[in-house]
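Shown here: start.csv, CSV, C-alpha atoms.
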chain,number,residue,atom,x,y,z
A,3,MET,CA,81.1,48.3,140.4
A,4,SER,CA,83.7,47.4,137.8
A,5,LEU,CA,87.2,48.9,137.8
A,6,SER,CA,86.5,51.0,134.7
A,7,SER,CA,83.3,52.3,136.2
A,8,PHE,CA,85.1,53.2,139.4
A,9,ARG,CA,87.8,55.1,137.6
A,10,ALA,CA,85.1,57.0,135.6
A,11,PHE,CA,83.3,57.9,138.8
A,12,ALA,CA,86.6,59.0,140.4
A,13,ARG,CA,87.4,61.3,137.4
A,14,SER,CA,83.9,62.8,137.5
A,15,LEU,CA,84.2,63.4,141.2
A,16,ARG,CA,87.6,65.0,140.8
A,17,PHE,CA,86.3,67.2,138.0
A,18,ARG,CA,83.4,68.4,140.2
A,19,ILE,CA,85.7,69.2,143.2
A,20,ASP,CA,88.1,71.1,140.9
A,21,ARG,CA,85.2,73.1,139.5
A,22,LEU,CA,83.9,74.0,143.0
A,23,ARG,CA,87.4,75.0,144.1
A,24,ALA,CA,87.9,77.2,141.1
A,25,LYS,CA,84.5,78.9,141.6
A,26,SER,CA,85.6,80.5,144.8
A,27,SER,CA,88.8,82.2,143.5
A,28,PHE,CA,88.7,82.7,139.7
A,29,THR,CA,88.3,86.4,140.0
A,30,THR,CA,91.9,86.7,141.4
A,31,PHE,CA,93.1,85.8,137.9
A,32,ALA,CA,91.3,88.7,136.2
A,33,GLU,CA,92.0,92.5,135.9
A,34,GLY,CA,91.4,95.3,133.4
A,35,ASN,CA,89.5,98.5,133.0
A,36,VAL,CA,86.2,96.8,133.8
A,37,GLN,CA,84.7,96.6,137.3
A,38,ASN,CA,83.1,93.5,138.7
A,39,LEU,CA,83.2,91.7,135.4
A,40,THR,CA,80.6,94.1,134.1
A,41,PHE,CA,81.2,96.0,130.8
A,42,GLY,CA,79.7,99.4,131.2
A,43,LEU,CA,79.6,100.6,127.6
A,44,LEU,CA,77.6,98.0,125.8
A,45,ALA,CA,75.4,99.2,122.9
A,46,ASN,CA,71.6,99.2,122.6
A,47,ASP,CA,71.5,100.1,118.9
A,48,ARG,CA,74.0,97.5,117.6
A,49,PRO,CA,75.0,94.0,118.3
A,50,ASN,CA,77.6,93.5,121.0
A,51,VAL,CA,80.6,91.4,120.2
A,52,LEU,CA,83.1,90.0,122.7
A,53,PHE,CA,86.6,89.4,121.2
A,54,VAL,CA,88.4,86.6,123.1
A,55,THR,CA,92.1,86.1,122.3
A,56,SER,CA,94.6,83.4,123.4
A,57,ASN,CA,98.0,84.5,124.7
A,58,GLY,CA,100.3,83.4,121.9
A,59,ALA,CA,103.9,84.3,121.6
A,60,GLY,CA,103.4,87.9,120.5
A,61,MET,CA,100.6,90.4,119.8
A,62,GLY,CA,99.2,88.9,116.7
A,63,HIS,CA,95.8,87.7,118.2
A,64,ILE,CA,95.2,91.1,119.8
A,65,THR,CA,96.2,93.1,116.8
A,66,ARG,CA,93.9,91.2,114.4
A,67,CYS,CA,91.0,91.6,116.8
A,68,LEU,CA,91.7,95.3,117.3
A,69,ALA,CA,91.6,95.7,113.5
A,70,MET,CA,88.2,94.0,113.2
A,71,ALA,CA,86.8,95.9,116.2
A,72,THR,CA,87.9,99.2,114.7
A,73,ALA,CA,86.7,98.5,111.2
A,74,GLY,CA,83.4,97.3,112.6
A,75,ARG,CA,82.6,100.2,114.8
A,76,SER,CA,79.5,101.2,112.8
A,77,LEU,CA,78.2,97.6,112.7
A,78,PHE,CA,78.7,96.4,116.2
A,79,HIS,CA,80.1,97.3,119.6
A,80,SER,CA,83.3,95.5,120.7
A,81,SER,CA,84.7,94.4,124.0
A,82,PHE,CA,87.7,92.3,124.8
A,83,ILE,CA,88.9,89.4,127.0
A,84,THR,CA,92.5,88.4,126.4
A,85,LEU,CA,95.1,86.0,127.9
A,86,SER,CA,97.9,88.1,126.6
A,87,THR,CA,100.2,90.0,128.9
A,88,SER,CA,100.0,92.8,126.3
A,89,ALA,CA,96.3,93.4,127.4
A,90,ALA,CA,96.9,97.0,128.3
A,91,VAL,CA,97.2,98.0,124.7
A,92,VAL,CA,93.5,97.2,124.2
A,93,GLY,CA,92.6,99.8,126.7
A,94,ALA,CA,95.0,102.3,125.1
A,95,GLN,CA,93.1,101.8,121.8
A,96,GLY,CA,89.9,102.9,123.5
A,97,PHE,CA,88.2,99.5,124.3
A,98,GLU,CA,87.0,98.0,127.5
A,99,TYR,CA,88.9,94.8,128.3
A,100,LEU,CA,89.6,92.2,130.9
A,101,TYR,CA,92.9,90.3,131.2
A,102,PHE,CA,92.7,86.7,132.4
A,103,ARG,CA,96.0,85.0,133.4
A,104,SER,CA,96.8,82.1,131.1
A,105,SER,CA,97.6,78.6,132.1
A,106,GLY,CA,101.3,79.3,131.7
A,107,SER,CA,101.1,82.5,133.7
A,108,THR,CA,99.3,80.8,136.6
A,109,GLY,CA,101.4,77.7,136.6
A,110,LEU,CA,98.3,75.5,136.6
A,111,PRO,CA,97.9,72.5,134.4
A,112,ALA,CA,95.5,73.1,131.5
A,113,ARG,CA,92.9,70.8,133.0
A,114,GLN,CA,92.7,72.8,136.2
A,115,TRP,CA,93.1,76.2,134.6
A,116,ASN,CA,90.1,75.6,132.3
A,117,ASN,CA,87.9,75.3,135.4
A,118,TYR,CA,88.9,78.8,136.5
A,119,PHE,CA,88.4,80.1,132.9
A,120,PHE,CA,85.0,78.4,132.7
A,121,HIS,CA,83.7,80.2,135.8
A,122,PHE,CA,85.2,83.5,134.6
A,123,MET,CA,83.7,83.3,131.2
A,124,ALA,CA,80.3,82.0,132.5
A,125,SER,CA,80.1,84.9,134.9
A,126,VAL,CA,81.0,87.5,132.2
A,127,LEU,CA,78.4,86.1,129.8
A,128,LYS,CA,75.8,86.0,132.5
A,129,ARG,CA,76.4,89.6,133.6
A,130,ASN,CA,76.7,91.1,130.1
A,131,HIS,CA,74.7,90.5,126.9
A,132,PHE,CA,76.9,89.6,124.0
A,133,ASP,CA,75.5,88.5,120.7
A,134,ALA,CA,78.7,86.8,119.6
A,135,VAL,CA,82.0,85.7,120.9
A,136,VAL,CA,84.8,86.0,118.4
A,137,PHE,CA,87.7,83.7,119.5
A,138,ASP,CA,91.1,84.2,117.9
A,139,GLY,CA,93.3,81.3,118.7
A,140,THR,CA,94.6,77.9,117.6
A,141,TRP,CA,92.4,75.8,119.8
A,142,ILE,CA,89.1,76.6,121.5
A,143,TYR,CA,89.6,76.3,125.3
A,144,ARG,CA,87.4,73.9,127.1
A,145,GLY,CA,86.5,76.6,129.6
A,146,LEU,CA,85.2,78.8,126.9
A,147,GLU,CA,83.3,75.9,125.3
A,148,ASP,CA,81.6,75.0,128.5
A,149,ALA,CA,80.7,78.6,129.4
A,150,LEU,CA,79.0,79.1,126.0
A,151,LYS,CA,76.9,76.0,126.6
A,152,CYS,CA,75.3,77.9,129.5
A,153,THR,CA,73.8,80.5,127.1
A,154,ASP,CA,71.8,80.2,124.0
A,155,ALA,CA,72.0,83.9,123.1
A,156,THR,CA,75.8,84.1,122.3
A,157,LYS,CA,77.1,82.6,119.1
A,158,LEU,CA,80.7,81.5,118.6
A,159,ILE,CA,82.8,82.8,115.7
A,160,TRP,CA,86.3,81.2,115.4
A,161,LEU,CA,88.9,83.4,113.8
A,162,ARG,CA,91.4,80.7,112.8
A,163,ARG,CA,94.6,81.8,111.1
A,164,GLY,CA,95.6,79.3,108.5
A,165,LEU,CA,99.1,78.0,107.5
A,166,TRP,CA,99.5,75.4,110.1
A,167,LYS,CA,102.6,73.3,110.0
A,168,GLN,CA,102.6,69.7,108.8
A,169,GLY,CA,102.3,67.2,111.6
A,170,VAL,CA,100.3,69.5,113.9
A,171,PRO,CA,97.9,67.1,115.8
A,172,THR,CA,94.3,67.5,114.5
A,173,GLY,CA,92.5,64.9,116.6
A,174,GLN,CA,90.2,67.5,118.1
A,175,LEU,CA,89.8,69.7,115.0
A,176,GLU,CA,86.5,68.3,113.8
A,177,ARG,CA,84.9,68.5,117.2
A,178,MET,CA,86.0,72.1,117.6
A,179,GLU,CA,84.8,73.1,114.1
A,180,ALA,CA,81.4,71.8,115.1
A,181,LEU,CA,81.3,74.1,118.1
A,182,ALA,CA,81.6,77.3,116.0
A,183,ASP,CA,78.7,79.0,114.2
A,184,ARG,CA,81.2,80.4,111.8
A,185,ILE,CA,84.9,79.9,111.1
A,186,ILE,CA,86.8,82.8,109.5
A,187,THR,CA,90.3,82.5,108.0
A,188,PRO,CA,92.2,85.6,106.9
A,189,TRP,CA,94.2,85.3,103.6
A,190,ASP,CA,97.9,84.5,104.0
A,191,VAL,CA,100.7,85.5,101.5
A,192,GLY,CA,102.2,82.0,102.1
A,193,SER,CA,99.1,80.1,101.2
A,194,ARG,CA,100.5,78.8,97.9
A,195,TYR,CA,103.1,77.0,100.0
A,196,ASP,CA,100.7,75.6,102.5
A,197,GLU,CA,101.1,71.8,103.0
A,198,GLY,CA,99.5,71.7,106.4
A,199,PRO,CA,96.4,70.1,107.8
A,200,LEU,CA,94.1,73.0,107.1
A,201,LYS,CA,94.9,73.2,103.4
A,202,THR,CA,92.1,70.8,102.3
A,203,ARG,CA,89.5,71.6,104.9
A,204,GLY,CA,86.5,73.5,103.5
A,205,SER,CA,85.1,74.5,106.9
A,206,SER,CA,86.1,78.1,107.0
A,207,ALA,CA,85.2,81.3,105.2
A,208,LEU,CA,88.2,83.0,103.6
A,209,VAL,CA,88.4,86.8,104.0
A,210,ASN,CA,91.0,89.4,103.1
A,211,GLY,CA,94.2,89.4,105.1
A,212,ILE,CA,94.0,91.5,108.2
A,213,THR,CA,96.3,94.4,109.2
A,214,TYR,CA,95.7,97.0,111.9
A,215,LEU,CA,95.7,100.6,110.8
A,216,PRO,CA,93.9,102.7,113.4
A,217,THR,CA,94.1,105.8,111.3
A,218,ASP,CA,92.4,106.3,107.9
A,219,THR,CA,95.7,106.4,106.0
A,220,PRO,CA,99.3,105.9,107.0
A,221,LEU,CA,101.5,108.9,107.5
A,222,SER,CA,103.8,110.3,104.8
A,223,ARG,CA,107.6,109.9,105.4
A,224,THR,CA,107.9,113.4,106.7
A,225,GLU,CA,104.9,113.0,109.0
A,226,ALA,CA,106.2,109.7,110.3
A,227,LEU,CA,109.7,111.0,111.0
A,228,ASP,CA,108.2,114.0,112.9
A,229,ALA,CA,105.9,111.7,114.9
A,230,LEU,CA,108.9,109.4,115.8
A,231,ASN,CA,111.2,112.3,116.5
A,232,LEU,CA,113.7,111.1,113.9
A,233,GLU,CA,115.9,113.5,111.9
A,234,LYS,CA,114.7,114.1,108.3
A,235,GLY,CA,118.2,114.2,106.9
A,236,GLN,CA,118.9,110.6,108.1
A,237,ARG,CA,117.8,107.3,106.6
A,238,TYR,CA,116.5,104.5,108.8
A,239,ALA,CA,115.8,100.7,108.8
A,240,LEU,CA,113.3,99.1,111.1
A,241,VAL,CA,114.3,95.8,112.8
A,242,GLN,CA,111.4,93.9,114.4
A,243,LEU,CA,112.2,90.3,115.2
A,244,GLY,CA,109.4,89.5,117.6
A,245,ALA,CA,109.1,89.1,121.3
A,246,GLY,CA,111.6,86.2,121.6
A,247,ASN,CA,109.0,84.1,123.5
A,248,ILE,CA,109.5,81.1,121.2
A,249,ASN,CA,113.2,80.9,121.1
A,250,ASP,CA,116.2,83.2,121.7
A,251,ILE,CA,116.5,85.8,119.0
A,252,LYS,CA,119.3,87.8,120.5
A,253,ASP,CA,122.1,86.4,118.2
A,254,VAL,CA,120.1,87.0,115.1
A,255,ARG,CA,119.1,90.5,116.2
A,256,ARG,CA,122.8,91.3,117.0
A,257,GLN,CA,123.9,90.2,113.5
A,258,VAL,CA,121.1,92.2,111.8
A,259,LEU,CA,121.9,95.4,113.6
A,260,SER,CA,125.6,94.9,112.9
A,261,ASP,CA,125.2,94.1,109.2
A,262,ILE,CA,123.0,97.1,108.6
A,263,SER,CA,125.5,99.5,110.2
A,264,GLN,CA,128.5,97.9,108.5
A,265,LEU,CA,127.1,97.3,105.0
A,266,SER,CA,125.4,100.7,104.7
A,267,ARG,CA,128.7,102.5,105.7
A,268,ASN,CA,126.7,104.6,108.2
A,269,GLY,CA,124.3,105.6,105.5
A,270,ILE,CA,121.3,103.9,107.1
A,271,THR,CA,120.6,103.8,110.9
A,272,PRO,CA,119.0,100.8,112.3
A,273,ILE,CA,116.0,101.3,114.7
A,274,LEU,CA,115.1,98.4,116.9
A,275,ALA,CA,111.4,97.9,117.6
A,276,LEU,CA,110.4,96.4,121.0
A,277,SER,CA,107.0,96.0,122.5
A,278,PRO,CA,106.0,99.0,124.6
A,279,LEU,CA,105.3,96.6,127.4
A,280,SER,CA,108.6,94.8,127.2
A,281,GLN,CA,110.8,95.0,130.3
A,282,GLU,CA,114.0,94.3,128.2
A,283,ARG,CA,116.8,96.9,128.4
A,284,PHE,CA,118.7,97.3,125.2
A,285,ASP,CA,121.7,99.6,125.2
A,286,VAL,CA,123.9,99.5,122.1
A,287,VAL,CA,125.8,102.5,120.7
A,288,GLY,CA,124.3,103.7,117.5
A,289,VAL,CA,121.0,101.8,117.9
A,290,SER,CA,117.8,103.5,118.9
A,291,VAL,CA,114.9,101.6,120.5
A,292,LEU,CA,111.4,102.3,119.4
A,293,ARG,CA,108.5,101.3,121.7
A,294,ARG,CA,105.3,102.2,119.8
A,295,TYR,CA,102.1,100.3,119.2
A,296,PRO,CA,100.9,100.0,116.6
A,297,LEU,CA,103.7,100.7,114.2
A,298,SER,CA,101.7,100.5,111.0
A,299,PRO,CA,101.0,104.3,110.6
A,300,TYR,CA,104.8,105.1,110.8
A,301,LEU,CA,106.3,102.6,108.3
A,302,ALA,CA,107.0,105.3,105.7
A,303,ALA,CA,109.8,106.5,107.9
A,304,PHE,CA,111.9,103.5,107.0
A,305,GLU,CA,113.9,102.5,103.9
A,306,PHE,CA,113.4,98.9,104.6
A,307,ILE,CA,112.3,96.4,107.3
A,308,VAL,CA,114.0,93.3,108.7
A,309,SER,CA,111.2,91.3,110.4
A,310,ALA,CA,110.2,87.9,111.8
A,311,ALA,CA,107.7,86.1,109.7
A,312,GLY,CA,104.7,86.5,112.0
A,313,TYR,CA,101.3,87.0,110.4
A,314,ASN,CA,100.8,90.7,111.2
A,315,SER,CA,104.3,92.0,110.5
A,316,VAL,CA,104.5,90.2,107.1
A,317,HIS,CA,101.1,91.4,105.9
A,318,GLU,CA,101.9,95.0,106.8
A,319,VAL,CA,105.0,94.8,104.6
A,320,VAL,CA,103.0,93.3,101.8
A,321,ARG,CA,100.1,95.8,102.0
A,322,TRP,CA,102.3,98.9,102.2
A,323,GLY,CA,104.9,97.8,99.7
A,324,ILE,CA,107.9,98.0,102.1
A,325,PRO,CA,111.2,96.5,100.9
A,326,SER,CA,111.9,93.8,103.5
A,327,LEU,CA,114.0,90.8,104.7
A,328,ILE,CA,111.9,88.2,106.4
A,329,ILE,CA,113.5,85.7,108.9
A,330,PRO,CA,111.1,82.9,109.8
A,331,ASN,CA,111.0,81.6,113.3
A,332,GLU,CA,110.8,77.9,112.6
A,333,ALA,CA,110.5,77.0,116.3
A,334,ALA,CA,106.8,78.1,116.3
A,335,SER,CA,104.6,75.2,117.3
A,336,THR,CA,101.8,75.7,114.8
A,337,ASP,CA,102.5,78.6,112.6
A,338,ASP,CA,104.4,77.7,109.4
A,339,GLN,CA,106.5,80.8,109.2
A,340,PHE,CA,108.8,79.2,106.6
A,341,ALA,CA,105.9,78.9,104.1
A,342,ARG,CA,104.9,82.5,104.8
A,343,ALA,CA,108.5,83.7,104.3
A,344,LYS,CA,108.7,81.9,101.0
A,345,GLY,CA,105.5,83.5,99.9
A,346,ILE,CA,106.7,87.0,100.6
A,347,GLY,CA,110.1,86.1,99.0
A,348,ASP,CA,108.3,85.8,95.7
A,349,LEU,CA,107.3,89.5,95.8
A,350,PRO,CA,109.4,92.4,94.4
A,351,MET,CA,112.0,93.9,96.8
A,352,CYS,CA,111.3,91.2,99.4
A,353,PHE,CA,113.8,88.6,100.5
A,354,MET,CA,113.9,85.6,102.9
A,355,ALA,CA,116.8,84.4,105.1
A,356,ARG,CA,117.3,81.2,107.1
A,357,SER,CA,121.1,81.4,107.8
A,358,GLY,CA,123.6,84.0,108.8
A,359,SER,CA,125.0,84.3,105.3
A,360,GLU,CA,121.5,84.7,103.8
A,361,VAL,CA,120.8,87.4,106.4
A,362,ARG,CA,123.9,89.3,105.3
A,363,ASN,CA,123.1,88.9,101.6
A,364,GLY,CA,119.5,90.0,102.1
A,365,ILE,CA,120.5,93.2,104.0
A,366,LYS,CA,123.0,94.0,101.3
A,367,SER,CA,120.2,93.6,98.7
A,368,LEU,CA,117.9,95.9,100.7
A,369,ILE,CA,120.6,98.5,101.0
A,370,ASP,CA,121.1,98.4,97.2
A,371,VAL,CA,117.3,98.8,96.7
A,372,ALA,CA,117.3,101.8,99.1
A,373,ALA,CA,120.2,103.4,97.2
A,374,ALA,CA,118.4,103.0,93.9
A,375,ARG,CA,115.1,104.4,95.2
A,376,GLY,CA,116.6,107.5,96.9
A,377,HIS,CA,114.7,109.7,99.3
A,378,GLY,CA,111.1,110.6,99.2
A,379,ASP,CA,107.8,109.0,100.2
A,380,ARG,CA,108.1,105.3,99.6
A,381,LEU,CA,104.8,104.0,101.0
A,382,SER,CA,102.6,102.9,98.2
A,383,LEU,CA,99.4,101.1,98.8
A,384,GLY,CA,99.0,98.4,96.1
A,385,SER,CA,102.7,98.4,95.1
A,386,GLN,CA,102.8,94.6,95.6
A,387,GLY,CA,100.1,94.1,93.0
A,388,GLU,CA,97.5,91.4,93.5
A,389,ALA,CA,98.9,90.4,96.9
A,390,SER,CA,98.4,93.8,98.4
A,391,GLN,CA,94.8,93.9,97.1
A,392,LYS,CA,94.0,90.8,99.2
A,393,ILE,CA,94.7,92.7,102.5
A,394,ASP,CA,92.6,95.3,104.3
A,395,SER,CA,92.2,96.7,107.9
A,396,GLY,CA,89.6,94.1,109.0
A,397,GLN,CA,86.7,95.5,107.0
A,398,GLU,CA,85.8,92.2,105.2
A,399,ALA,CA,86.1,90.1,108.4
A,400,SER,CA,84.0,92.6,110.4
A,401,LYS,CA,81.2,92.5,107.8
A,402,LEU,CA,81.1,88.8,108.0
A,403,ILE,CA,81.0,88.9,111.8
A,404,PHE,CA,78.0,91.3,111.5
A,405,GLU,CA,76.3,89.1,108.9
A,406,THR,CA,76.7,86.0,111.0
A,407,VAL,CA,75.1,87.7,114.0
A,408,GLN,CA,72.3,89.1,111.9
A,409,SER,CA,71.6,85.7,110.3
A,410,GLU,CA,71.4,84.1,113.7
A,411,LYS,CA,68.9,86.7,114.9
A,412,ARG,CA,66.8,86.2,111.8
A,413,LYS,CA,66.7,82.4,112.5
A,414,ASN,CA,65.6,83.0,116.1
A,415,LEU,CA,62.7,85.3,114.8
A,416,GLU,CA,61.4,82.7,112.3

What would the structure in this file look like if it were written as structure tokens?
Amino acid sequence: MSLSSFRAFARSLRFRIDRLRAKSSFTTFAEGNVQNLTFGLLANDRPNVLFVTSNGAGMGHITRCLAMATAGRSLFHSSFITLSTSAAVVGAQGFEYLYFRSSGSTGLPARQWNNYFFHFMASVLKRNHFDAVVFDGTWIYRGLEDALKCTDATKLIWLRRGLWKQGVPTGQLERMEALADRIITPWDVGSRYDEGPLKTRGSSALVNGITYLPTDTPLSRTEALDALNLEKGQRYALVQLGAGNINDIKDVRRQVLSDISQLSRNGITPILALSPLSQERFDVVGVSVLRRYPLSPYLAAFEFIVSAAGYNSVHEVVRWGIPSLIIPNEAASTDDQFARAKGIGDLPMCFMARSGSEVRNGIKSLIDVAAARGHGDRLSLGSQGEASQKIDSGQEASKLIFETVQSEKRKNLE
């Protein structure tokens, strides 16, 4: 046996041993509102769709999938598997879910973790009939890929957000595209500034941008203030700068809160939005903390928003016409938040900031906008013109998911 053959044999043997070891203990990584990996509410009259989300730095993957699942209720039944520590919000929105600890959470190298995820996903797909898996994430995990190979009945739909940074490695992109029966990309307000590796690829179907609004319509200003227990005689600004999982946002957040208080001369009160699952304690005089998910129904309560440039937050601002200052987190590994911030900066009453001075100038501009507009209901669907018309609550994406499942069923019948 040659040296190269011996090494290949050794790698294969190690892989088999790792897989066997993972098989005996993968269930210790899973929890949720589902017993014994068996989803109890699957439908008989509609297709069953399993949304699988990566962990990410925030709640973007879960939020997009919740939007599609909610919009598609009449078309298919939805269940969830997520690697996000925010998994409990899925149950709070009325869906069955399982949380599986990510590679980072377990401390396992990706190679070993994928063996556990393979056995987990293979067991779930064996015990439950799903017509399609919708995966929302940057890269399709090997564990998911191998589990899907064990079933012919479940199709893979890849929800792949665009606007990747220049220089992101793409060596596995073509192979992963070949795995998916359909690739769906939601519209992005920063697409005109996209110079990344996905710009010229024609492999995905473009749908409207996706925001999550669990109610039929957002609340009016008065209704939103009542729901949030905020005084109607006061004026408020929402500050949501993300989870801080990519880099430290505390200095930026401190400046934003201070600038709003100082520049508005106590006329506008900043409200800091934190994840309802966050363990962070924040005690600053004059600053109230809001832990509510989702926030989209309540945005009319605020004169303006200062936000990170994550996909969901930005497109809520665009869709509902909220004056805003967007601060891109340029430490994100794949997401080109700078391009997205430039895109929203082209819209009326929206500003972008990359430095402390730009943050201060942007907040001053927002305060001037608020002073000019005065009190009253500010939320106006479509106020951002063509941009806001390219965003919905997941309806277009959910229809494409349903059409993909139905077309595969027709193929199997022919």

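From atom CA of Ala239 of chain A back to atom CA of Glu360 of chain A, the distance works out to 17.7 Å.
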
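Near segment 249-263 of chain A, within a cut-off of 7 Å and counting all atoms listed in the file, sit the residues Leu243, Arg267, Asn268, Ile270, Thr271, Pro272, Ala333, Arg362 and Ile365 of chain A, with same-chain residues fewer than 4 positions away left out.
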
Go ahead and compute the interatomic distance for atom CA of Ile83 of chain A and atom CA of Lys392 of chain A, in Å to one decimal. 28.3 Å

Given only C-alpha atoms as the counted atoms, nearest of A:Asp133, A:Glu147, A:Asp47, A:Asp154 to Arg75 of chain A: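 Closest residue, counting only C-alpha atoms: A:Asp47.
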
Counting all atoms listed in the file, write as a PyMOL selection string all protein and nucleic acid residues lying at most 9 Å from (111.3, 99.9, 112.8) in the file's frame. chain A and resi 238-242+272-276+291-292+297+300-301+303-304+306-309

How would the residues just picked look written out with C-alpha atoms as a PDB file, in the coordinates of the input?
ATOM      1  CA  TYR A 238     116.500 104.500 108.800  1.00  0.00           C
ATOM      2  CA  ALA A 239     115.800 100.700 108.800  1.00  0.00           C
ATOM      3  CA  LEU A 240     113.300  99.100 111.100  1.00  0.00           C
ATOM      4  CA  VAL A 241     114.300  95.800 112.800  1.00  0.00           C
ATOM      5  CA  GLN A 242     111.400  93.900 114.400  1.00  0.00           C
ATOM      6  CA  PRO A 272     119.000 100.800 112.300  1.00  0.00           C
ATOM      7  CA  ILE A 273     116.000 101.300 114.700  1.00  0.00           C
ATOM      8  CA  LEU A 274     115.100  98.400 116.900  1.00  0.00           C
ATOM      9  CA  ALA A 275     111.400  97.900 117.600  1.00  0.00           C
ATOM     10  CA  LEU A 276     110.400  96.400 121.000  1.00  0.00           C
ATOM     11  CA  VAL A 291     114.900 101.600 120.500  1.00  0.00           C
ATOM     12  CA  LEU A 292     111.400 102.300 119.400  1.00  0.00           C
ATOM     13  CA  LEU A 297     103.700 100.700 114.200  1.00  0.00           C
ATOM     14  CA  TYR A 300     104.800 105.100 110.800  1.00  0.00           C
ATOM     15  CA  LEU A 301     106.300 102.600 108.300  1.00  0.00           C
ATOM     16  CA  ALA A 303     109.800 106.500 107.900  1.00  0.00           C
ATOM     17  CA  PHE A 304     111.900 103.500 107.000  1.00  0.00           C
ATOM     18  CA  PHE A 306     113.400  98.900 104.600  1.00  0.00           C
ATOM     19  CA  ILE A 307     112.300  96.400 107.300  1.00  0.00           C
ATOM     20  CA  VAL A 308     114.000  93.300 108.700  1.00  0.00           C
ATOM     21  CA  SER A 309     111.200  91.300 110.400  1.00  0.00           C
TER      22      SER A 309
END

Counting only C-alpha atoms, find the residues whose atoms lie at most 10 Å from (97.1, 86.0, 106.1) (file coordinates) and write them out as a list in words. Arg163, Gly164, Leu165, Thr187, Pro188, Trp189, Asp190, Val191, Gly192, Ser193, Leu208, Val209, Asn210, Gly211, Ile212, Thr213, Gly312, Tyr313, Asn314, Val316, His317, Arg342, Lys392 and Ile393 of chain A

For atom CA of Glu318 of chain A and atom CA of Ser335 of chain A, quote the distance in Å rounded to one decimal.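 Computed distance, atom CA of Glu318 of chain A to atom CA of Ser335 of chain A, equals 22.6 Å.
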
Skip Leu100 of chain A itself and residues of its chain fewer than 3 positions away, then list as number ranges by chain all residues within 8 Å of it, counting only C-alpha atoms. A: 32-36, 39, 82-84, 89
